[in-house]
$ cat model-v6.cif   # mmCIF, C-alpha atoms and all ligand atoms
data_upload
#
loop_
_atom_site.label_atom_id
_atom_site.label_comp_id
_atom_site.auth_asym_id
_atom_site.auth_seq_id
_atom_site.Cartn_x
_atom_site.Cartn_y
_atom_site.Cartn_z
CA MET E 1 17.01 6.59 13.80
CA SER E 2 13.47 7.62 14.57
CA SER E 3 12.12 5.67 17.52
CA THR E 4 8.56 5.39 16.24
CA LEU E 5 7.03 3.05 13.69
CA LYS E 6 3.65 4.13 12.38
CA ILE E 7 1.27 1.23 11.80
CA CYS E 8 -2.00 1.68 9.94
CA HIS E 9 -4.51 -1.05 10.85
CA LEU E 10 -6.99 -1.15 7.99
CA TYR E 11 -10.52 -2.47 8.66
CA PRO E 12 -10.01 -3.65 12.27
CA ASP E 13 -13.82 -3.69 12.51
CA LEU E 14 -14.39 -6.07 9.58
CA LEU E 15 -11.20 -8.05 9.06
CA ASN E 16 -10.02 -9.67 12.29
CA LEU E 17 -10.30 -13.45 12.33
CA TYR E 18 -8.50 -15.94 14.59
CA GLY E 19 -6.73 -13.27 16.61
CA ASP E 20 -5.18 -11.46 13.64
CA ARG E 21 -5.05 -8.37 15.87
CA GLY E 22 -2.38 -10.23 17.86
CA ASN E 23 0.01 -9.37 15.04
CA ILE E 24 -0.21 -5.72 16.06
CA LEU E 25 0.46 -6.57 19.71
CA CYS E 26 3.43 -8.70 18.69
CA MET E 27 4.97 -5.96 16.55
CA GLN E 28 4.42 -3.41 19.33
CA GLN E 29 6.06 -5.62 21.95
CA ARG E 30 9.05 -6.66 19.83
CA LEU E 31 9.68 -3.01 18.98
CA LYS E 32 9.25 -1.93 22.60
CA TRP E 33 11.94 -4.40 23.66
CA ARG E 34 14.26 -2.43 21.34
CA GLY E 35 13.15 0.98 22.62
CA ILE E 36 10.97 1.71 19.57
CA THR E 37 7.36 2.84 19.91
CA ALA E 38 4.67 1.59 17.56
CA GLU E 39 1.97 4.18 16.92
CA VAL E 40 -1.18 2.40 15.70
CA THR E 41 -3.91 4.17 13.72
CA GLU E 42 -7.09 2.20 13.22
CA VAL E 43 -8.96 2.85 9.98
CA PRO E 44 -12.40 1.22 10.12
CA ALA E 45 -14.82 1.25 7.17
CA GLY E 46 -16.03 4.80 6.58
CA ALA E 47 -12.93 6.45 8.04
CA LYS E 48 -10.40 8.33 5.98
CA ALA E 49 -7.03 6.63 5.61
CA ASP E 50 -3.67 8.38 5.40
CA PHE E 51 -1.52 5.60 3.99
CA LYS E 52 1.21 8.11 3.07
CA ASP E 53 1.87 8.74 6.74
CA ALA E 54 2.19 5.02 7.62
CA ASP E 55 5.35 2.92 7.72
CA LEU E 56 3.45 -0.36 7.75
CA ILE E 57 -0.12 -1.22 6.75
CA PHE E 58 -1.75 -4.25 8.39
CA ILE E 59 -4.89 -5.94 7.04
CA GLY E 60 -6.38 -9.00 8.77
CA GLY E 61 -8.61 -11.75 7.43
CA GLY E 62 -12.38 -11.94 7.13
CA GLN E 63 -15.14 -14.12 5.87
CA ASP E 64 -16.80 -13.80 2.47
CA PHE E 65 -19.58 -11.72 4.05
CA GLU E 66 -17.22 -9.06 5.45
CA GLN E 67 -15.30 -8.96 2.19
CA GLU E 68 -18.53 -8.18 0.34
CA VAL E 69 -19.48 -5.52 2.93
CA LEU E 70 -16.21 -3.61 2.59
CA LEU E 71 -16.35 -3.39 -1.20
CA SER E 72 -18.31 -0.12 -1.26
CA ASP E 73 -15.88 1.47 1.19
CA LEU E 74 -12.92 0.37 -0.91
CA LYS E 75 -14.51 1.83 -4.03
CA SER E 76 -14.95 5.19 -2.33
CA GLY E 77 -11.26 5.88 -3.01
CA LYS E 78 -9.31 3.66 -0.62
CA ASP E 79 -8.66 1.20 -3.46
CA GLN E 80 -6.63 3.76 -5.43
CA GLU E 81 -4.94 5.13 -2.30
CA LEU E 82 -3.89 1.66 -1.17
CA LYS E 83 -2.67 0.77 -4.65
CA ALA E 84 -0.59 3.95 -4.74
CA ALA E 85 0.87 3.20 -1.29
CA ILE E 86 1.89 -0.27 -2.48
CA GLN E 87 3.53 1.14 -5.62
CA ASP E 88 5.25 3.67 -3.39
CA GLY E 89 6.96 0.80 -1.54
CA LYS E 90 4.98 0.82 1.71
CA THR E 91 5.37 -2.33 3.76
CA VAL E 92 2.10 -4.27 3.96
CA LEU E 93 1.17 -7.42 5.88
CA ALA E 94 -2.13 -8.82 4.62
CA ILE E 95 -3.78 -11.97 5.95
CA CYS E 96 -6.17 -14.29 4.09
CA GLY E 97 -9.26 -12.20 3.21
CA GLY E 98 -7.06 -9.08 3.44
CA TYR E 99 -4.54 -10.73 1.15
CA GLN E 100 -7.25 -11.67 -1.36
CA MET E 101 -8.36 -8.02 -1.35
CA LEU E 102 -5.06 -6.90 -2.92
CA GLY E 103 -5.63 -9.00 -6.05
CA LYS E 104 -7.90 -8.59 -9.05
CA TYR E 105 -10.99 -10.36 -7.76
CA TYR E 106 -12.45 -13.04 -5.51
CA GLU E 107 -15.28 -15.14 -6.81
CA THR E 108 -16.98 -16.88 -3.89
CA TRP E 109 -17.91 -20.56 -4.11
CA ASP E 110 -21.57 -19.52 -4.56
CA GLY E 111 -20.86 -17.17 -7.45
CA VAL E 112 -20.58 -13.70 -5.90
CA ARG E 113 -17.83 -11.75 -7.59
CA CYS E 114 -15.87 -9.23 -5.51
CA ASP E 115 -13.76 -6.97 -7.72
CA PHE E 116 -10.84 -6.00 -5.55
CA ILE E 117 -8.11 -3.40 -5.86
CA ASP E 118 -5.88 -5.07 -8.49
CA ALA E 119 -2.67 -3.91 -6.87
CA ILE E 120 -1.03 -7.27 -7.61
CA ASP E 121 -1.60 -9.66 -10.51
CA PHE E 122 -3.51 -12.55 -8.94
CA TYR E 123 -7.08 -13.74 -8.53
CA THR E 124 -8.97 -16.00 -6.16
CA VAL E 125 -11.77 -18.47 -6.80
CA GLY E 126 -13.82 -20.04 -4.01
CA SER E 127 -14.07 -23.79 -3.76
CA LYS E 128 -16.66 -25.81 -1.81
CA GLU E 129 -13.85 -27.71 -0.16
CA ARG E 130 -12.06 -25.49 2.33
CA MET E 131 -8.37 -25.68 3.17
CA ILE E 132 -8.35 -25.88 6.96
CA GLY E 133 -5.65 -26.69 9.49
CA ASN E 134 -2.22 -25.90 10.78
CA PHE E 135 0.27 -25.55 7.99
CA ALA E 136 3.88 -24.61 7.34
CA PHE E 137 5.88 -22.94 4.62
CA GLN E 138 9.41 -21.80 3.85
CA CYS E 139 9.76 -18.14 2.91
CA GLY E 140 11.69 -17.31 -0.25
CA ASP E 141 15.14 -15.73 0.15
CA ALA E 142 13.72 -12.32 -0.74
CA SER E 143 11.41 -12.66 2.27
CA GLY E 144 14.04 -13.76 4.76
CA GLY E 145 14.04 -17.53 4.14
CA SER E 146 12.59 -18.44 7.55
CA THR E 147 10.17 -21.28 8.18
CA VAL E 148 6.68 -20.12 9.10
CA VAL E 149 3.97 -22.04 10.94
CA GLY E 150 0.36 -20.92 10.92
CA PHE E 151 -3.29 -21.81 10.65
CA GLU E 152 -5.25 -21.60 7.41
CA ASN E 153 -9.01 -21.68 6.85
CA HIS E 154 -10.12 -20.55 3.43
CA SER E 155 -12.35 -21.53 0.60
CA GLY E 156 -10.52 -19.27 -1.84
CA LYS E 157 -7.87 -20.69 -4.12
CA THR E 158 -5.41 -18.01 -5.21
CA TYR E 159 -3.55 -18.10 -8.52
CA LEU E 160 -0.60 -15.76 -9.03
CA GLY E 161 -0.02 -14.17 -12.42
CA PRO E 162 3.12 -14.83 -14.44
CA GLY E 163 6.21 -13.42 -12.76
CA VAL E 164 4.48 -12.81 -9.42
CA GLU E 165 6.42 -14.52 -6.63
CA PRO E 166 4.80 -16.40 -3.77
CA LEU E 167 5.85 -15.54 -0.23
CA GLY E 168 7.10 -19.08 0.20
CA LYS E 169 6.89 -22.77 -0.60
CA ILE E 170 4.47 -25.06 1.18
CA LEU E 171 6.01 -27.65 3.53
CA ALA E 172 2.66 -28.98 4.76
CA GLY E 173 -0.93 -27.86 4.11
CA GLY E 174 -2.71 -26.07 1.27
CA GLY E 175 -1.37 -22.51 0.89
CA ASN E 176 -2.46 -20.52 -2.14
CA ASN E 177 -4.44 -23.22 -3.90
CA GLY E 178 -3.33 -26.69 -2.77
CA GLU E 179 -2.00 -27.33 -6.27
CA ASP E 180 1.17 -25.44 -7.15
CA GLY E 181 3.03 -25.58 -3.83
CA GLY E 182 3.06 -21.81 -3.39
CA GLU E 183 1.91 -19.84 -0.36
CA GLY E 184 1.06 -16.15 -0.23
CA VAL E 185 2.61 -13.40 -2.26
CA ARG E 186 5.66 -11.19 -2.06
CA TYR E 187 5.39 -8.10 -4.26
CA LEU E 188 7.51 -4.97 -3.69
CA ASN E 189 7.18 -4.62 0.12
CA VAL E 190 3.85 -6.46 0.34
CA PHE E 191 3.70 -9.71 2.28
CA GLY E 192 0.41 -11.54 1.69
CA THR E 193 -0.31 -14.85 3.41
CA TYR E 194 -3.08 -17.28 4.34
CA SER E 195 -1.54 -17.66 7.78
CA HIS E 196 -3.80 -16.73 10.68
CA GLY E 197 -2.90 -17.71 14.16
CA PRO E 198 -1.81 -14.85 14.50
CA ILE E 199 1.25 -15.40 12.34
CA LEU E 200 3.82 -13.13 13.99
CA PRO E 201 4.14 -14.28 17.64
CA LYS E 202 5.13 -17.82 16.74
CA ASN E 203 7.35 -16.78 13.85
CA PRO E 204 9.74 -14.21 15.37
CA GLU E 205 12.23 -14.35 12.48
CA PHE E 206 9.50 -13.51 10.00
CA CYS E 207 8.22 -10.74 12.29
CA ASP E 208 11.64 -9.11 12.47
CA PHE E 209 12.13 -9.42 8.71
CA LEU E 210 8.86 -7.57 8.21
CA LEU E 211 9.73 -4.89 10.78
CA ASN E 212 13.22 -4.42 9.33
CA THR E 213 11.68 -4.00 5.87
CA ALA E 214 9.38 -1.26 7.17
CA LEU E 215 12.09 0.49 9.21
CA GLN E 216 14.61 0.34 6.37
CA THR E 217 12.36 2.19 3.94
CA ARG E 218 12.99 5.28 6.08
CA ASN E 219 16.43 4.35 7.35
CA PRO E 220 18.32 2.23 4.83
CA GLY E 221 20.91 0.09 6.54
CA PHE E 222 19.03 0.02 9.85
CA ARG E 223 18.77 -3.40 11.51
CA LEU E 224 16.91 -4.36 14.67
CA GLU E 225 19.05 -5.75 17.48
CA PRO E 226 18.43 -9.49 17.90
CA LEU E 227 16.33 -10.60 20.88
CA ASP E 228 16.55 -13.75 22.95
CA ASP E 229 13.83 -15.71 21.14
CA GLY E 230 14.53 -19.05 22.85
CA LEU E 231 10.96 -19.49 24.07
CA GLU E 232 9.29 -18.31 20.86
CA LEU E 233 11.50 -20.51 18.71
CA ALA E 234 10.89 -23.54 20.94
CA ALA E 235 7.12 -23.02 20.43
CA HIS E 236 7.67 -22.54 16.70
CA ASP E 237 9.80 -25.69 16.41
CA ALA E 238 7.34 -27.81 18.41
CA VAL E 239 4.44 -26.77 16.14
CA LEU E 240 6.56 -27.28 13.03
CA GLN E 241 7.46 -30.84 14.06
CA ARG E 242 3.79 -31.62 14.73
CA VAL E 243 2.67 -30.19 11.43
CA LEU E 244 5.38 -31.95 9.44
CA SER E 245 4.72 -35.30 11.09
CA LYS E 246 0.93 -34.76 10.84
CA GLN E 247 0.43 -35.68 14.49
CA GLU E 248 -2.51 -33.35 14.98
N1 LIG K 1 -13.43 -15.55 2.82
C1 LIG K 1 -12.17 -15.99 2.37
C2 LIG K 1 -12.08 -17.46 2.03
O1 LIG K 1 -12.74 -18.29 2.63
C3 LIG K 1 -11.15 -15.59 3.41
C4 LIG K 1 -11.25 -16.36 4.70
C5 LIG K 1 -10.29 -15.91 5.75
O2 LIG K 1 -9.86 -14.75 5.80
N2 LIG K 1 -10.00 -16.84 6.65
O3 LIG K 1 -11.30 -17.76 1.17
#

$ encode --input "model-v6.cif" --output "structure tokens"
Amino acid sequence: MSSTLKICHLYPDLLNLYGDRGNILCMQQRLKWRGITAEVTEVPAGAKADFKDADLIFIGGGQDFEQEVLLSDLKSGKDQELKAAIQDGKTVLAICGGYQMLGKYYETWDGVRCDFIDAIDFYTVGSKERMIGNFAFQCGDASGGSTVVGFENHSGKTYLGPGVEPLGKILAGGGNNGEDGGEGVRYLNVFGTYSHGPILPKNPEFCDFLLNTALQTRNPGFRLEPLDDGLELAAHDAVLQRVLSKQE
């Protein structure tokens, strides 16, 4: 088994809210504990991306303004390249604004329409009332089934097309739209979520599911050795109890 995982960090300059970059550090550290190196390539706006060479593509969140700024860069070819990488089965973790970018469009609450890459059948419409706060959801079986805790802050309400599966079901908080009980999206090997925080350090089971998915595309049957996650899971459980009992 190759001992390197290649991570492509798309738009680190524009999409990096609430410590989303911490997801990269978390993946690197959890891989290092297993003797695997994570090679990270940053692809800021204006730079050429080589998605074909990546095992995992990470896209953080951003505000409406940054999402509007990156549109022209997307349209210069990255949209088609990213779409092709997704169809090709690349593992992708996309957070909030980065998640919205994978759908058809985002119409901001004040009427600006951002036509995105249309890799997955969903759209997002901004609402004046934001969904803000710690939240929790249960991943679907196809995404490992673990419970995830995170922080959401978005005006966008996302509606999945028919047959498109959410990443999980909301246990507390808003998620995709605060209406249908769904959170995020799971499509091929794409994991889209509203969870900032960053999501991975306090959800080690989800992190390993994601890493296994990426590693298995090159090495089917490969499975990461379990780690002693006592501390991480204690933090996760404490937050989950607070969120579920709304003690915040
Ligand atoms: N601008 C988007 C929204 O408010 C995304 C925000 C974010 O990434 N936190 O819906």

$ closest_residue --input "model-v6.cif" --among "E:Arg21, E:Cys114, E:Ala54, E:Gly192" --to "Lys75 in chain E" --atoms "all atoms listed in the file"
E:Cys114

$ closest_residue --input "model-v6.cif" --among "E:Ile86, E:Leu17, E:Cys96, E:Cys26" --to "Asn203 in chain E" --atoms "only C-alpha atoms"
E:Cys26

$ closest_residue --input "model-v6.cif" --among "E:Leu200, E:Ala45, E:Ala136, E:Leu167" --to "Phe151 in chain E" --atoms "all atoms listed in the file"
E:Ala136

$ residues_near_ligand --input "model-v6.cif" --ligand "ligand LIG 1 (chain K)" --cutoff "10 Å" --atoms "only C-alpha atoms and all ligand atoms" --output "compact mmCIF listing (two decimals) with C-alpha atoms, keeping the file's coordinate frame"
# COMPACT_ATOMS: atom_id res chain seq x y z
CA LEU E 15 -11.20 -8.05 9.06
CA ASN E 16 -10.02 -9.67 12.29
CA LEU E 17 -10.30 -13.45 12.33
CA TYR E 18 -8.50 -15.94 14.59
CA ASP E 20 -5.18 -11.46 13.64
CA GLY E 60 -6.38 -9.00 8.77
CA GLY E 61 -8.61 -11.75 7.43
CA GLY E 62 -12.38 -11.94 7.13
CA GLN E 63 -15.14 -14.12 5.87
CA ASP E 64 -16.80 -13.80 2.47
CA PHE E 65 -19.58 -11.72 4.05
CA GLU E 66 -17.22 -9.06 5.45
CA GLN E 67 -15.30 -8.96 2.19
CA GLU E 68 -18.53 -8.18 0.34
CA ALA E 94 -2.13 -8.82 4.62
CA ILE E 95 -3.78 -11.97 5.95
CA CYS E 96 -6.17 -14.29 4.09
CA GLY E 97 -9.26 -12.20 3.21
CA GLY E 98 -7.06 -9.08 3.44
CA TYR E 99 -4.54 -10.73 1.15
CA GLN E 100 -7.25 -11.67 -1.36
CA MET E 101 -8.36 -8.02 -1.35
CA TYR E 106 -12.45 -13.04 -5.51
CA GLU E 107 -15.28 -15.14 -6.81
CA THR E 108 -16.98 -16.88 -3.89
CA TRP E 109 -17.91 -20.56 -4.11
CA THR E 124 -8.97 -16.00 -6.16
CA VAL E 125 -11.77 -18.47 -6.80
CA GLY E 126 -13.82 -20.04 -4.01
CA SER E 127 -14.07 -23.79 -3.76
CA LYS E 128 -16.66 -25.81 -1.81
CA GLU E 129 -13.85 -27.71 -0.16
CA ARG E 130 -12.06 -25.49 2.33
CA MET E 131 -8.37 -25.68 3.17
CA ILE E 132 -8.35 -25.88 6.96
CA PHE E 151 -3.29 -21.81 10.65
CA GLU E 152 -5.25 -21.60 7.41
CA ASN E 153 -9.01 -21.68 6.85
CA HIS E 154 -10.12 -20.55 3.43
CA SER E 155 -12.35 -21.53 0.60
CA GLY E 156 -10.52 -19.27 -1.84
CA LYS E 157 -7.87 -20.69 -4.12
CA THR E 158 -5.41 -18.01 -5.21
CA ASN E 176 -2.46 -20.52 -2.14
CA THR E 193 -0.31 -14.85 3.41
CA TYR E 194 -3.08 -17.28 4.34
CA SER E 195 -1.54 -17.66 7.78
CA HIS E 196 -3.80 -16.73 10.68

$ atom_distance --input "model-v6.cif" --atom1 "CA of Ile120 in chain E" --atom2 "CA of Gly89 in chain E"
12.9 Å

$ residues_around --input "model-v6.cif" --residues "Tyr159 in chain E" --least-positions-apart "4" --cutoff "12 Å" --atoms "only C-alpha atoms" --output "list in words"
Gln100, Gly103, Lys104, Tyr105, Tyr106, Ile120, Asp121, Phe122, Tyr123, Thr124, Val125, Gly126, Gly163, Val164, Glu165, Pro166, Gly175, Asn176, Asn177, Gly178, Glu179, Asp180, Gly181, Gly182, Glu183, Gly184 and Val185 of chain E

$ residues_around --input "model-v6.cif" --residues "Phe191 in chain E" --least-positions-apart "4" --cutoff "6 Å" --atoms "only C-alpha atoms" --output "ChimeraX atom specification"
/E:92-93,185-186

$ residues_around --input "model-v6.cif" --residues "Val239 in chain E" --least-positions-apart "3" --cutoff "12 Å" --atoms "all atoms listed in the file" --output "list in words"
Asn134, Phe135, Ala136, Thr147, Val148, Val149, Gly150, Phe151, Ala172, Gly197, Lys202, Asn203, Glu232, Leu233, Ala234, Ala235, His236, Arg242, Val243, Leu244, Ser245, Lys246, Gln247 and Glu248 of chain E

$ write_last_selection --input "model-v6.cif" --atoms "C-alpha atoms" --output "mmCIF file, in the coordinates of the input"
data_model
loop_
_atom_site.group_PDB
_atom_site.id
_atom_site.type_symbol
_atom_site.label_atom_id
_atom_site.label_comp_id
_atom_site.auth_asym_id
_atom_site.auth_seq_id
_atom_site.Cartn_x
_atom_site.Cartn_y
_atom_site.Cartn_z
ATOM 1 C CA ASN E 134 -2.220 -25.900 10.780
ATOM 2 C CA PHE E 135 0.270 -25.550 7.990
ATOM 3 C CA ALA E 136 3.880 -24.610 7.340
ATOM 4 C CA THR E 147 10.170 -21.280 8.180
ATOM 5 C CA VAL E 148 6.680 -20.120 9.100
ATOM 6 C CA VAL E 149 3.970 -22.040 10.940
ATOM 7 C CA GLY E 150 0.360 -20.920 10.920
ATOM 8 C CA PHE E 151 -3.290 -21.810 10.650
ATOM 9 C CA ALA E 172 2.660 -28.980 4.760
ATOM 10 C CA GLY E 197 -2.900 -17.710 14.160
ATOM 11 C CA LYS E 202 5.130 -17.820 16.740
ATOM 12 C CA ASN E 203 7.350 -16.780 13.850
ATOM 13 C CA GLU E 232 9.290 -18.310 20.860
ATOM 14 C CA LEU E 233 11.500 -20.510 18.710
ATOM 15 C CA ALA E 234 10.890 -23.540 20.940
ATOM 16 C CA ALA E 235 7.120 -23.020 20.430
ATOM 17 C CA HIS E 236 7.670 -22.540 16.700
ATOM 18 C CA ARG E 242 3.790 -31.620 14.730
ATOM 19 C CA VAL E 243 2.670 -30.190 11.430
ATOM 20 C CA LEU E 244 5.380 -31.950 9.440
ATOM 21 C CA SER E 245 4.720 -35.300 11.090
ATOM 22 C CA LYS E 246 0.930 -34.760 10.840
ATOM 23 C CA GLN E 247 0.430 -35.680 14.490
ATOM 24 C CA GLU E 248 -2.510 -33.350 14.980
#

$ closest_residue --input "model-v6.cif" --among "E:Asn23, E:Thr91, E:Thr41, E:Gln216" --to "His9 in chain E" --atoms "all atoms listed in the file"
E:Thr41

$ residues_near_point --input "model-v6.cif" --point "(9.8, -2.4, 19.1)" --cutoff "10 Å" --atoms "all atoms listed in the file" --output "list in words"
Ser3, Thr4, Leu5, Cys26, Met27, Gln28, Gln29, Arg30, Leu31, Lys32, Trp33, Arg34, Gly35, Ile36, Thr37, Ala38, Asp208, Leu211, Leu224 and Glu225 of chain E

$ write_last_selection --input "model-v6.cif" --atoms "C-alpha atoms" --output "PDB file, in the frame of the given file"
ATOM      1  CA  SER E   3      12.120   5.670  17.520  1.00  0.00           C
ATOM      2  CA  THR E   4       8.560   5.390  16.240  1.00  0.00           C
ATOM      3  CA  LEU E   5       7.030   3.050  13.690  1.00  0.00           C
ATOM      4  CA  CYS E  26       3.430  -8.700  18.690  1.00  0.00           C
ATOM      5  CA  MET E  27       4.970  -5.960  16.550  1.00  0.00           C
ATOM      6  CA  GLN E  28       4.420  -3.410  19.330  1.00  0.00           C
ATOM      7  CA  GLN E  29       6.060  -5.620  21.950  1.00  0.00           C
ATOM      8  CA  ARG E  30       9.050  -6.660  19.830  1.00  0.00           C
ATOM      9  CA  LEU E  31       9.680  -3.010  18.980  1.00  0.00           C
ATOM     10  CA  LYS E  32       9.250  -1.930  22.600  1.00  0.00           C
ATOM     11  CA  TRP E  33      11.940  -4.400  23.660  1.00  0.00           C
ATOM     12  CA  ARG E  34      14.260  -2.430  21.340  1.00  0.00           C
ATOM     13  CA  GLY E  35      13.150   0.980  22.620  1.00  0.00           C
ATOM     14  CA  ILE E  36      10.970   1.710  19.570  1.00  0.00           C
ATOM     15  CA  THR E  37       7.360   2.840  19.910  1.00  0.00           C
ATOM     16  CA  ALA E  38       4.670   1.590  17.560  1.00  0.00           C
ATOM     17  CA  ASP E 208      11.640  -9.110  12.470  1.00  0.00           C
ATOM     18  CA  LEU E 211       9.730  -4.890  10.780  1.00  0.00           C
ATOM     19  CA  LEU E 224      16.910  -4.360  14.670  1.00  0.00           C
ATOM     20  CA  GLU E 225      19.050  -5.750  17.480  1.00  0.00           C
TER      21      GLU E 225
END

$ atom_distance --input "model-v6.cif" --atom1 "CA of Asp13 in chain E" --atom2 "CA of Gly174 in chain E"
27.4 Å

$ residues_near_point --input "model-v6.cif" --point "(-12.2, -2.3, -1.3)" --cutoff "10 Å" --atoms "only C-alpha atoms" --output "list in words"
Ala45, Gln67, Glu68, Val69, Leu70, Leu71, Ser72, Asp73, Leu74, Lys75, Ser76, Gly77, Lys78, Asp79, Gln80, Leu82, Gly98, Met101, Leu102, Cys114, Asp115, Phe116, Ile117 and Asp118 of chain E

$ atom_distance --input "model-v6.cif" --atom1 "CA of Lys48 in chain E" --atom2 "CA of Asn189 in chain E"
22.6 Å

$ axis_aligned_box --input "model-v6.cif" --around "range 88-96 of chain E" --padding-each-side "8 Å" --output "lines of an AutoDock Vina configuration file"
center_x = 0.4
center_y = -5.3
center_z = 1.3
size_x = 29.1
size_y = 34.0
size_z = 25.3

$ closest_residue --input "model-v6.cif" --among "E:Asp110, E:Asp237, E:Asp55, E:Glu205" --to "Thr217 in chain E" --atoms "only C-alpha atoms"
E:Asp55

$ closest_residue --input "model-v6.cif" --among "E:Gln241, E:Leu231, E:Gly22, E:Cys8" --to "Ile57 in chain E" --atoms "all atoms listed in the file"
E:Cys8

$ decode --input "model-v6.cif" --residues "range 142-179 of chain E" --atoms "C-alpha atoms" --output "mmCIF file, in the first residue's frame"
data_model
loop_
_atom_site.group_PDB
_atom_site.id
_atom_site.type_symbol
_atom_site.label_atom_id
_atom_site.label_comp_id
_atom_site.auth_asym_id
_atom_site.auth_seq_id
_atom_site.Cartn_x
_atom_site.Cartn_y
_atom_site.Cartn_z
ATOM 1 C CA ALA E 142 -23.437 4.589 3.074
ATOM 2 C CA SER E 143 -21.412 7.296 4.832
ATOM 3 C CA GLY E 144 -20.394 5.238 7.845
ATOM 4 C CA GLY E 145 -23.405 5.801 10.117
ATOM 5 C CA SER E 146 -21.497 7.819 12.733
ATOM 6 C CA THR E 147 -22.910 10.754 14.661
ATOM 7 C CA VAL E 148 -21.364 14.082 13.703
ATOM 8 C CA VAL E 149 -21.252 17.292 15.722
ATOM 9 C CA GLY E 150 -20.426 20.625 14.137
ATOM 10 C CA PHE E 151 -21.145 24.307 13.810
ATOM 11 C CA GLU E 152 -23.335 25.772 11.080
ATOM 12 C CA ASN E 153 -23.717 29.382 9.961
ATOM 13 C CA HIS E 154 -25.430 29.828 6.626
ATOM 14 C CA SER E 155 -28.119 31.811 4.968
ATOM 15 C CA GLY E 156 -28.410 29.316 2.115
ATOM 16 C CA LYS E 157 -31.112 26.674 2.167
ATOM 17 C CA THR E 158 -30.147 23.674 0.060
ATOM 18 C CA TYR E 159 -32.681 21.447 -1.691
ATOM 19 C CA LEU E 160 -31.527 18.101 -3.066
ATOM 20 C CA GLY E 161 -32.951 16.821 -6.340
ATOM 21 C CA PRO E 162 -34.944 13.607 -6.545
ATOM 22 C CA GLY E 163 -32.825 10.560 -5.769
ATOM 23 C CA VAL E 164 -29.926 12.577 -4.341
ATOM 24 C CA GLU E 165 -29.086 11.337 -0.850
ATOM 25 C CA PRO E 166 -28.233 13.613 2.057
ATOM 26 C CA LEU E 167 -25.071 12.901 4.033
ATOM 27 C CA GLY E 168 -27.194 12.342 7.113
ATOM 28 C CA LYS E 169 -30.282 13.080 9.156
ATOM 29 C CA ILE E 170 -30.475 16.067 11.469
ATOM 30 C CA LEU E 171 -30.547 15.312 15.213
ATOM 31 C CA ALA E 172 -30.474 18.971 16.265
ATOM 32 C CA GLY E 173 -30.108 22.199 14.264
ATOM 33 C CA GLY E 174 -30.929 23.265 10.709
ATOM 34 C CA GLY E 175 -28.827 21.293 8.203
ATOM 35 C CA ASN E 176 -29.669 21.627 4.525
ATOM 36 C CA ASN E 177 -32.751 23.791 4.861
ATOM 37 C CA GLY E 178 -34.300 23.450 8.324
ATOM 38 C CA GLU E 179 -37.336 21.814 6.726
#
